[in-house]
Amino acid sequence: MSQIIASTSTQPAPPPRSLTLTFGDNALLSLLLGDHDRHLARIEQRLGVRLACRGNRVSITGSLEQVAAAEATLAALYRQLERGEMIDGPKVDAAMRMSDPAVEPRLPLSDLPAIRTRKGAVGPRSAAQAAYIDQLARHEMVFALGPAGTGKTYLAVAQAVAMLTSGRVDRIVLSRPAVEAGERLGFLPGDMKEKVDPYLRPLYDALNDMLPGDQLTKRMTTGEIEIAPLAFMRGRTLAHAFVILDEAQNTTAVQMKMFLTRMGEGTRMVITGDLTQVDLPTGTRSGLADALDTLEGISGIGVARFNNADVVRHPLVGRIVEAYDQRHAAAREVSRERHG
């Protein structure tokens with residue numbers, strides 16, 4: 001590894017700390033900075049530090065915690081470049097997220113778990129994702145709960161593809177409730193595939209990211225990869241398969257029990273959902289909530305929970321989710337006061 005030399009100086013007045021990193025490879029440093037220093041600007045905006053590059057040195061100015069986070073971020077990204085990986089905006093965001101001093105686990109990015117696929121390694125972009133990847137590797141059944149954009153389904157599909165291509169399972173079965181509140185498909189035009197495909201599109205998108213197009217087409221043709229609405233699971237026993245149920249908050253308790261009991265020998269199951277986005281008819285309890293109340297704590301079952309801070313899409317998505325949650329919380333508080 002090229003040497004990174006850090007020198008520090010302490011000032012009595014704010015900002016309390018400055019630090020200079022010296023990088024041994026100017027070509028890699030150029031990639032680290034990004035076009036027109038866009039990666040540095042991204043780090044400055046997110047962490048609240050001031051960054052300046054002179055030659056092969058980058059100086060960091062800010063509070064003690066800010067400087068430590070920026071130093072860890074730059075060092076982690078530089079190590080990725082040394083390993084031959086490319087970095088982009090989302091990877092910079094991931095490095096900042098994982099370098100937060102308040103975040104657990106406190107592991108170097110190089111030591112975090114990753115899922116190996118034919119298109120490369122899929123690593124965590126938050127501490128919650130790191131814990132989730134670990135659970136996917138260790139447990140036969142995993143429930144993943146949290147808002148959209150936290151990687152619940154994407155990482156489950158990555159693990160499924162990794163296990164299929166390594167021969168640890170014989171096939172992948174991906175399922176969703178085809179319509180949020182009852183799977184009423186008859187009014188839609190076209191044959192059954194044309195009716196349900198729009199509801200299953202996020203699963204297709206994730207698969208396209210994991211497998212070359214020709215392999216995906218071939219495996220779907222042979223039945224190694226199957227995408228089907230939840231209603232098609234009834235009466236089946238799924239052995240030596242990796243089975244994912246997405247949008248599980250929109251199942252009823254009966255549907256969820258039916259799905260979970262499809263599990264056969266050598267099968268892994270992942271159930272993902274967001275309990276704040278239940279679209280079932282009023283008075284119908286979510287099968288996901290019912291399953292968690294019934295099954296959490298049973299040996300062999302893992303539960304991964306994500307929150308708004310774990311959203312890894314555009315940073316604005318996390319702020320949008322947070323704003324909606326705050327508004328709903330305020331509305332609930334007003335309702336309690338009126339009926340108190």
# chains A, B, ... in the order shown; residues from 1 in each chain; ligands from 1

$ select_by_dssp --residues "segment 76-290 of chain A" --states "strand (DSSP E or B)" --output "number ranges by chain"
A: 115-117, 120-122, 141-145, 171-176, 225-229, 238, 241-245, 252, 263, 268-273, 286

$ residues_around --residues "Ser99 of chain A" --least-positions-apart "6" --cutoff "7 Å" --atoms "only C-alpha atoms" --output "PyMOL selection string"
chain A and resi 69+72-73

$ select_by_dssp --residues "segment 41-113 of chain A" --states "alpha helix (DSSP H)" --output "JSON, numbers by chain"
{"A": [41, 42, 43, 44, 45, 46, 47, 64, 65, 66, 67, 68, 69, 70, 71, 72, 73, 74, 75, 76, 77, 78, 79, 80, 81, 82, 89, 90, 91, 92, 93, 94, 95, 96, 97, 98]}

$ write_last_selection --atoms "C-alpha atoms" --output "PDB file, in the first residue's frame"
ATOM      1  CA  ALA A  41     -16.819  18.911  -2.479  1.00  0.00           C
ATOM      2  CA  ARG A  42     -19.184  16.070  -1.608  1.00  0.00           C
ATOM      3  CA  ILE A  43     -17.203  15.267   1.543  1.00  0.00           C
ATOM      4  CA  GLU A  44     -17.035  18.939   2.537  1.00  0.00           C
ATOM      5  CA  GLN A  45     -20.794  19.366   2.201  1.00  0.00           C
ATOM      6  CA  ARG A  46     -21.708  16.164   4.034  1.00  0.00           C
ATOM      7  CA  LEU A  47     -19.173  16.301   6.888  1.00  0.00           C
ATOM      8  CA  LEU A  64     -12.138  16.947  16.085  1.00  0.00           C
ATOM      9  CA  GLU A  65     -14.984  14.580  15.107  1.00  0.00           C
ATOM     10  CA  GLN A  66     -15.349  16.068  11.631  1.00  0.00           C
ATOM     11  CA  VAL A  67     -11.647  15.791  10.874  1.00  0.00           C
ATOM     12  CA  ALA A  68     -11.533  12.187  12.112  1.00  0.00           C
ATOM     13  CA  ALA A  69     -14.497  11.245   9.907  1.00  0.00           C
ATOM     14  CA  ALA A  70     -13.004  12.972   6.840  1.00  0.00           C
ATOM     15  CA  GLU A  71      -9.617  11.333   7.412  1.00  0.00           C
ATOM     16  CA  ALA A  72     -11.198   7.877   7.692  1.00  0.00           C
ATOM     17  CA  THR A  73     -13.301   8.534   4.573  1.00  0.00           C
ATOM     18  CA  LEU A  74     -10.360   9.629   2.418  1.00  0.00           C
ATOM     19  CA  ALA A  75      -8.144   6.787   3.636  1.00  0.00           C
ATOM     20  CA  ALA A  76     -10.867   4.190   2.969  1.00  0.00           C
ATOM     21  CA  LEU A  77     -11.525   5.506  -0.540  1.00  0.00           C
ATOM     22  CA  TYR A  78      -7.800   5.596  -1.314  1.00  0.00           C
ATOM     23  CA  ARG A  79      -7.480   1.942  -0.231  1.00  0.00           C
ATOM     24  CA  GLN A  80     -10.307   1.034  -2.608  1.00  0.00           C
ATOM     25  CA  LEU A  81      -8.462   2.740  -5.461  1.00  0.00           C
ATOM     26  CA  GLU A  82      -5.279   0.854  -4.565  1.00  0.00           C
ATOM     27  CA  GLY A  89     -20.615   9.496  -5.652  1.00  0.00           C
ATOM     28  CA  PRO A  90     -22.513   6.622  -3.961  1.00  0.00           C
ATOM     29  CA  LYS A  91     -19.212   5.011  -2.882  1.00  0.00           C
ATOM     30  CA  VAL A  92     -18.071   8.314  -1.407  1.00  0.00           C
ATOM     31  CA  ASP A  93     -21.374   8.517   0.481  1.00  0.00           C
ATOM     32  CA  ALA A  94     -20.915   4.944   1.707  1.00  0.00           C
ATOM     33  CA  ALA A  95     -17.397   5.659   2.954  1.00  0.00           C
ATOM     34  CA  MET A  96     -18.642   8.713   4.857  1.00  0.00           C
ATOM     35  CA  ARG A  97     -21.527   6.757   6.339  1.00  0.00           C
ATOM     36  CA  MET A  98     -19.237   3.955   7.510  1.00  0.00           C
TER      37      MET A  98
END

$ closest_residue --among "A:Thr252, A:Leu275, A:Asp25, A:Ile87" --to "Arg38 of chain A" --atoms "only C-alpha atoms"
A:Ile87

$ atom_distance --atom1 "atom CA of Leu31 of chain A" --atom2 "atom CA of Arg50 of chain A"
19.0 Å

$ closest_residue --among "A:Gln277, A:Gln159, A:Thr237, A:Asn56" --to "Met263 of chain A" --atoms "only C-alpha atoms"
A:Thr237

$ residues_around --residues "segment 143-155 of chain A" --least-positions-apart "4" --cutoff "6 Å" --atoms "only C-alpha atoms" --output "ChimeraX atom specification"
/A:206,270-274,303-307,310-313

$ write_last_selection --atoms "N, CA and C atoms" --output "CSV table (one decimal), in the first residue's frame"
chain,number,residue,atom,x,y,z
A,206,ALA,N,-33.0,-5.5,-10.1
A,206,ALA,CA,-31.9,-6.0,-9.3
A,206,ALA,C,-31.2,-7.1,-9.9
A,270,VAL,N,-35.8,-14.9,2.5
A,270,VAL,CA,-35.7,-13.5,2.9
A,270,VAL,C,-37.0,-12.9,2.7
A,271,ILE,N,-37.5,-12.2,3.7
A,271,ILE,CA,-38.8,-11.5,3.7
A,271,ILE,C,-38.5,-10.0,3.9
A,272,THR,N,-38.8,-9.2,3.0
A,272,THR,CA,-38.6,-7.7,3.1
A,272,THR,C,-39.9,-6.9,3.1
A,273,GLY,N,-39.8,-5.8,3.8
A,273,GLY,CA,-41.0,-5.0,3.8
A,273,GLY,C,-40.8,-3.7,4.7
A,274,ASP,N,-41.8,-2.9,4.6
A,274,ASP,CA,-41.8,-1.6,5.4
A,274,ASP,C,-43.2,-1.5,6.0
A,303,VAL,N,-33.5,-11.0,12.1
A,303,VAL,CA,-34.3,-9.9,11.8
A,303,VAL,C,-33.3,-8.7,11.6
A,304,ALA,N,-33.4,-8.0,10.5
A,304,ALA,CA,-32.5,-6.8,10.2
A,304,ALA,C,-33.5,-5.6,10.1
A,305,ARG,N,-33.1,-4.6,10.8
A,305,ARG,CA,-34.0,-3.4,10.8
A,305,ARG,C,-33.2,-2.2,10.3
A,306,PHE,N,-33.8,-1.4,9.4
A,306,PHE,CA,-33.2,-0.2,8.9
A,306,PHE,C,-34.1,1.0,9.3
A,307,ASN,N,-33.4,2.2,9.3
A,307,ASN,CA,-34.2,3.4,9.5
A,307,ASN,C,-33.9,4.4,8.4
A,310,ASP,N,-30.4,5.0,7.1
A,310,ASP,CA,-29.7,4.0,6.2
A,310,ASP,C,-30.1,4.1,4.8
A,311,VAL,N,-30.9,5.0,4.4
A,311,VAL,CA,-31.3,5.2,3.0
A,311,VAL,C,-30.1,5.5,2.2
A,312,VAL,N,-29.8,4.7,1.1
A,312,VAL,CA,-28.6,4.8,0.3
A,312,VAL,C,-28.9,5.2,-1.1
A,313,ARG,N,-30.1,5.7,-1.4
A,313,ARG,CA,-30.3,6.3,-2.6
A,313,ARG,C,-29.8,7.8,-2.6

$ atom_distance --atom1 "atom CA of Ala329 of chain A" --atom2 "atom CA of Pro281 of chain A"
21.4 Å

$ atom_distance --atom1 "atom CA of Thr22 of chain A" --atom2 "atom CA of Thr61 of chain A"
14.8 Å

$ closest_residue --among "A:Ala309, A:Asp205, A:Gly266, A:Ala289" --to "Gln129 of chain A" --atoms "only C-alpha atoms"
A:Ala309

$ closest_residue --among "A:Val58, A:Leu51, A:Leu28, A:Val169" --to "Glu224 of chain A" --atoms "only C-alpha atoms"
A:Val169
